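File shown: run.cif. Contents: mmCIF, C-alpha atoms.
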```
data_start
#
loop_
_atom_site.label_atom_id
_atom_site.label_comp_id
_atom_site.auth_asym_id
_atom_site.auth_seq_id
_atom_site.Cartn_x
_atom_site.Cartn_y
_atom_site.Cartn_z
CA MET H 662 169.53 112.27 63.20
CA PRO H 663 169.78 110.29 59.93
CA VAL H 664 166.71 108.37 58.81
CA ILE H 665 167.14 104.60 58.66
CA GLU H 666 165.22 103.17 55.76
CA SER H 667 164.31 99.49 55.78
CA LYS H 668 164.96 97.49 52.63
CA ILE H 669 162.62 94.70 53.76
CA ASP H 670 159.59 94.23 51.54
CA PRO H 671 156.77 92.72 53.65
CA ASN H 672 154.84 91.95 50.47
CA SER H 673 157.61 89.86 48.90
CA GLU H 674 157.50 86.10 48.60
CA ALA H 675 160.78 85.76 50.54
CA PHE H 676 159.36 87.75 53.45
CA ARG H 677 156.20 85.64 53.59
CA THR H 678 158.23 82.43 53.46
CA ASN H 679 160.56 83.56 56.26
CA ARG H 680 157.60 84.70 58.34
CA GLU H 681 155.81 81.37 57.96
CA GLN H 682 158.96 79.45 58.90
CA MET H 683 159.55 81.63 61.96
CA LEU H 684 155.94 81.33 63.10
CA ALA H 685 156.21 77.55 62.73
CA LEU H 686 159.33 77.50 64.94
CA ILE H 687 157.61 79.70 67.51
CA GLY H 688 154.65 77.32 67.45
CA GLU H 689 156.94 74.36 68.14
CA PHE H 690 158.58 76.19 71.04
CA ARG H 691 155.21 77.18 72.55
CA ALA H 692 154.06 73.57 72.24
CA LEU H 693 157.11 72.44 74.22
CA GLU H 694 156.35 75.10 76.83
CA GLN H 695 152.77 73.85 77.15
CA LYS H 696 153.95 70.26 77.43
CA VAL H 697 156.18 71.26 80.34
CA ARG H 698 153.27 73.05 82.04
CA ASP H 699 150.99 70.03 81.55
CA VAL H 700 153.56 67.67 83.09
CA SER H 701 154.01 70.08 85.97
CA ASN H 702 150.29 70.41 86.64
CA SER H 703 149.82 66.64 86.56
CA LYS H 704 152.20 66.34 89.54
CA ARG H 705 150.79 69.23 91.54
CA GLU H 706 148.80 67.11 94.01
CA ARG H 707 151.77 64.80 94.68
CA PHE H 708 153.97 67.76 95.56
CA ARG H 709 151.25 69.35 97.68
CA ALA H 710 150.87 66.09 99.62
CA ARG H 711 154.60 66.28 100.42
CA LYS H 712 154.15 69.98 101.33
CA GLN H 713 156.50 70.99 98.52
CA LEU H 714 156.43 73.59 95.78
CA LEU H 715 156.56 72.47 92.17
CA PRO H 716 160.00 72.92 90.58
CA ARG H 717 158.63 75.68 88.34
CA GLU H 718 157.28 77.48 91.40
CA ARG H 719 160.65 77.24 93.14
CA ILE H 720 162.41 78.65 90.08
CA ALA H 721 159.83 81.46 89.82
CA LEU H 722 160.59 82.48 93.39
CA VAL H 723 164.28 82.80 92.48
CA VAL H 724 163.98 84.24 88.98
CA ASP H 725 160.89 86.42 89.51
CA PRO H 726 160.61 87.56 85.85
CA GLY H 727 160.83 91.33 85.46
CA ALA H 728 161.82 91.97 89.07
CA LYS H 729 164.20 94.89 89.57
CA GLY H 730 167.76 93.87 90.39
CA LYS H 731 167.55 90.28 89.11
CA ALA H 732 169.21 89.61 85.79
CA ALA H 733 171.32 86.96 84.08
CA ARG H 734 174.62 88.41 82.84
CA GLU H 735 175.37 86.85 79.44
CA ALA H 736 177.73 88.04 76.72
CA MET H 737 176.15 86.04 73.87
CA ALA H 738 173.01 87.59 72.34
CA LYS H 739 171.61 84.20 71.32
CA ARG H 740 171.79 82.92 74.89
CA ARG H 741 170.20 86.10 76.19
CA ALA H 742 167.33 85.60 73.74
CA ALA H 743 166.85 81.98 74.81
CA ALA H 744 166.87 82.95 78.50
CA SER H 745 164.35 85.72 77.86
CA ASP H 746 162.04 83.21 76.16
CA LEU H 747 162.16 81.18 79.38
CA GLY H 748 161.19 84.18 81.48
CA VAL H 749 164.65 85.19 82.70
CA THR H 750 165.61 88.85 82.72
CA THR H 751 168.97 89.17 80.95
CA ALA H 752 171.60 91.84 80.38
CA ALA H 753 174.84 92.18 78.44
CA PRO H 754 177.97 92.57 80.63
CA GLU H 755 178.42 96.22 79.69
CA GLU H 756 174.90 96.99 80.92
CA LEU H 757 175.79 95.90 84.46
CA VAL H 758 179.12 97.66 84.86
CA ASN H 759 177.79 100.14 87.41
CA GLU H 760 175.29 97.83 89.13
CA LYS H 761 175.66 96.92 92.81
CA VAL H 762 173.64 93.86 93.79
CA PRO H 763 173.30 91.79 97.00
CA LEU H 764 173.88 88.41 95.32
CA VAL H 765 175.82 87.16 92.30
CA ILE H 766 175.68 83.50 91.22
CA ASP H 767 178.64 82.65 89.00
CA ALA H 768 178.01 79.72 86.66
CA SER H 769 180.22 80.92 83.83
CA GLY H 770 183.18 78.54 84.20
CA ASN H 771 185.40 81.54 83.40
CA PRO H 772 188.25 81.95 85.94
CA ASP H 773 188.10 85.73 85.45
CA ALA H 774 184.39 85.93 86.33
CA PRO H 775 184.60 85.75 90.18
CA ALA H 776 186.81 88.85 90.34
CA MET H 777 184.36 90.76 88.15
CA ALA H 778 181.47 89.46 90.27
CA LEU H 779 183.04 90.75 93.49
CA ASN H 780 183.16 94.23 91.98
CA MET H 781 179.41 94.04 91.28
CA LEU H 782 178.45 93.23 94.88
CA ALA H 783 176.85 95.74 97.19
CA HIS H 784 177.98 96.14 100.81
CA GLU H 785 177.85 92.74 102.59
CA GLY H 786 176.92 91.06 99.31
CA THR H 787 177.44 87.36 98.58
CA LEU H 788 179.16 85.66 95.67
CA LEU H 789 177.90 82.11 95.17
CA ILE H 790 180.31 80.03 93.07
CA ALA H 791 178.46 77.48 90.94
CA SER H 792 181.32 77.19 88.42
CA TRP H 793 183.75 74.26 88.36
CA PHE H 794 187.21 75.54 87.47
CA GLY H 795 189.13 72.28 87.87
CA THR H 796 192.85 73.06 87.93
CA LYS H 797 192.48 76.55 86.42
CA PRO H 798 193.88 79.24 88.74
CA VAL H 799 191.42 81.90 89.93
CA VAL H 800 192.77 85.28 91.07
CA LEU H 801 190.55 87.26 93.47
CA PRO H 802 190.91 90.87 94.66
CA LEU H 803 190.88 90.29 98.44
CA GLY H 804 192.40 93.60 99.48
CA GLY H 805 190.95 96.49 101.47
CA ALA H 806 187.74 96.91 99.47
CA PHE H 807 186.86 93.24 99.98
CA HIS H 808 187.16 93.57 103.77
CA ARG H 809 185.63 97.03 104.10
CA ARG H 810 182.53 95.91 102.19
CA ARG H 811 182.36 92.68 104.23
CA LEU H 812 181.81 90.55 101.14
CA ILE H 813 181.03 86.83 101.35
CA ILE H 814 182.17 84.05 99.01
CA ARG H 815 180.36 80.72 99.23
CA SER H 816 180.83 77.42 97.44
CA THR H 817 177.93 75.31 96.20
CA GLN H 818 177.19 71.70 96.99
CA VAL H 819 179.04 68.96 95.16
CA SER H 820 177.87 65.38 95.86
CA THR H 821 176.82 66.20 99.45
CA VAL H 822 174.26 68.41 101.17
CA PRO H 823 174.70 70.52 104.32
CA ALA H 824 174.62 68.53 107.56
CA ARG H 825 171.45 70.30 108.70
CA LEU H 826 169.60 68.97 105.64
CA SER H 827 171.16 65.52 105.36
CA GLY H 828 168.46 63.91 107.50
CA THR H 829 165.66 64.85 105.11
CA TRP H 830 167.45 65.16 101.76
CA THR H 831 168.50 61.54 101.40
CA ARG H 832 170.22 60.20 98.29
CA SER H 833 166.99 58.54 97.08
CA ARG H 834 165.05 61.78 97.52
CA ARG H 835 167.68 63.76 95.61
CA ARG H 836 167.61 61.20 92.82
CA ARG H 837 163.81 61.36 92.65
CA GLU H 838 163.83 65.15 92.53
CA ALA H 839 166.42 65.12 89.73
CA VAL H 840 164.37 62.70 87.63
CA GLU H 841 161.23 64.80 88.10
CA LEU H 842 163.09 67.96 87.14
CA LEU H 843 164.16 66.36 83.85
CA ALA H 844 160.51 66.29 82.79
CA GLU H 845 159.68 69.59 84.48
CA LEU H 846 162.33 71.96 83.17
CA PRO H 847 162.29 73.23 79.54
CA LEU H 848 165.55 71.55 78.59
CA ALA H 849 164.82 70.65 74.96
CA PRO H 850 165.33 74.18 73.51
CA LEU H 851 168.68 74.42 75.30
CA CYS H 852 170.15 71.12 74.07
CA THR H 853 171.54 72.30 70.75
CA HIS H 854 174.22 69.65 70.07
CA VAL H 855 174.20 65.88 70.60
CA PHE H 856 177.36 63.73 70.63
CA ALA H 857 177.72 59.99 70.95
CA PHE H 858 179.19 59.02 74.32
CA GLY H 859 182.29 57.70 72.56
CA HIS H 860 182.87 61.19 71.15
CA ALA H 861 182.83 62.91 74.55
CA ALA H 862 186.23 64.50 73.88
CA GLU H 863 184.79 66.17 70.77
CA ALA H 864 181.84 67.46 72.81
CA PHE H 865 184.09 68.99 75.45
CA ARG H 866 186.24 70.51 72.72
CA ALA H 867 183.16 72.11 71.19
CA VAL H 868 182.21 73.62 74.55
CA ASP H 869 185.74 74.85 75.18
CA GLN H 870 185.95 76.49 71.75
CA GLY H 871 182.44 77.93 71.98
CA ILE H 872 181.36 76.86 68.49
CA PRO H 873 178.62 79.04 66.92
CA GLY H 874 175.09 78.20 68.03
CA LEU H 875 176.14 75.95 70.91
CA MET H 876 174.26 76.36 74.18
CA HIS H 877 174.43 72.93 75.76
CA THR H 878 175.79 69.58 74.59
CA VAL H 879 174.22 66.20 75.27
CA LEU H 880 176.16 62.94 75.47
CA ASP H 881 174.02 60.19 73.94
CA TYR H 882 174.76 56.82 75.52
CA ASP H 883 173.52 53.94 73.34
CA ARG H 884 172.58 51.22 75.83
CA SER H 885 171.85 48.68 73.08
CA ALA H 886 175.44 48.93 71.85
CA ALA H 887 176.70 48.11 75.34
CA GLY H 888 174.88 44.78 75.23
#
```
Write-out of the structure in structure tokens:
Amino acid sequence: MPVIESKIDPNSEAFRTNREQMLALIGEFRALEQKVRDVSNSKRERFRARKQLLPRERIALVVDPGAKGKAAREAMAKRRAAASDLGVTTAAPEELVNEKVPLVIDASGNPDAPAMALNMLAHEGTLLIASWFGTKPVVLPLGGAFHRRRLIIRSTQVSTVPARLSGTWTRSRRRREAVELLAELPLAPLCTHVFAFGHAAEAFRAVDQGIPGLMHTVLDYDRSAAG
């Protein structure tokens, strides 16, 4: 096996400068993480009084960092790195080719993804579609293998909740939960691009083209300009 020799000089000025800059960025990220934890802990008693788990606790039950069989499938290395920093186990698509799992949640927005997801499911597995495809056609392999393996495809909720939950999950409660999650979830590191509301078309174009470095766009609505 050939020996790989590093050309990096840890004693050079450039190395020290890069290291200091990277440590500063890591410090900023850790500070944001701590801020999220502090906000979460400040609301713990309120959630306990309502006999609810904190949003972070709910996510932990789903994500369960490091648990076998739970991984986010992501083609882009930068997004995998960001997810890993948030405690999510990630894998490149080629690493999951031979995996058979009980549940796949598709949030890719790629019309080809559901077909690939069905092939990843174990016997009687479930594919949960969180993507919004609009008018894009989606082709699914619903032949013999689909029926023999008794696979399940489920849609997610859009604007309404299941009838069995509608009595307790009122619109005001859903709105309150959404507002609390805005402060609870570590969204800041994921919002990489900001566009004025009037430039929404440019924002959607950037998402569609997958410009380098983009993870999530934010539409900034200037209320003062609206009078």
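What separates atom CA of H:Arg677 from atom CA of H:Lys739 is a distance of 23.5 Å.
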How far is it from atom CA of H:Leu686 to atom CA of H:Arg740, in Å with one decimal? 16.8 Å
Separation of atom CA of H:Glu756 from atom CA of H:Arg734, in Å and rounded to one decimal: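 The value is 8.8 Å.
Distances from H:Ala675, H:Leu715, H:Ala692, H:Ala774 to H:Trp793 were compared using all atoms listed in the file, and the smallest one belongs to H:Ala774.
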Using all atoms listed in the file, which residues sit within 7 Å of H:Val765 once same-chain residues fewer than 4 positions away are excluded, as a list of chain:residue names?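 What passes the distance filter is H:Ala778, H:Thr787, H:Leu788, H:Leu789.
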Report as a CSV table (one decimal) with C-alpha atoms, in the frame of the given file the residues that result from applying the PyMOL selection byres ((chain H and resi 807) around 12) to the structure here.
```
chain,number,residue,atom,x,y,z
H,776,ALA,CA,186.8,88.8,90.3
H,778,ALA,CA,181.5,89.5,90.3
H,779,LEU,CA,183.0,90.8,93.5
H,780,ASN,CA,183.2,94.2,92.0
H,781,MET,CA,179.4,94.0,91.3
H,782,LEU,CA,178.4,93.2,94.9
H,783,ALA,CA,176.8,95.7,97.2
H,784,HIS,CA,178.0,96.1,100.8
H,785,GLU,CA,177.8,92.7,102.6
H,786,GLY,CA,176.9,91.1,99.3
H,787,THR,CA,177.4,87.4,98.6
H,788,LEU,CA,179.2,85.7,95.7
H,801,LEU,CA,190.6,87.3,93.5
H,802,PRO,CA,190.9,90.9,94.7
H,803,LEU,CA,190.9,90.3,98.4
H,804,GLY,CA,192.4,93.6,99.5
H,805,GLY,CA,191.0,96.5,101.5
H,806,ALA,CA,187.7,96.9,99.5
H,808,HIS,CA,187.2,93.6,103.8
H,809,ARG,CA,185.6,97.0,104.1
H,810,ARG,CA,182.5,95.9,102.2
H,811,ARG,CA,182.4,92.7,104.2
H,812,LEU,CA,181.8,90.6,101.1
H,813,ILE,CA,181.0,86.8,101.4
H,814,ILE,CA,182.2,84.0,99.0
```
Between H:Arg707, H:Ala743, H:Ala768, H:Glu674, which residue has the minimum interatomic distance to H:Thr817, considering only C-alpha atoms? H:Ala768
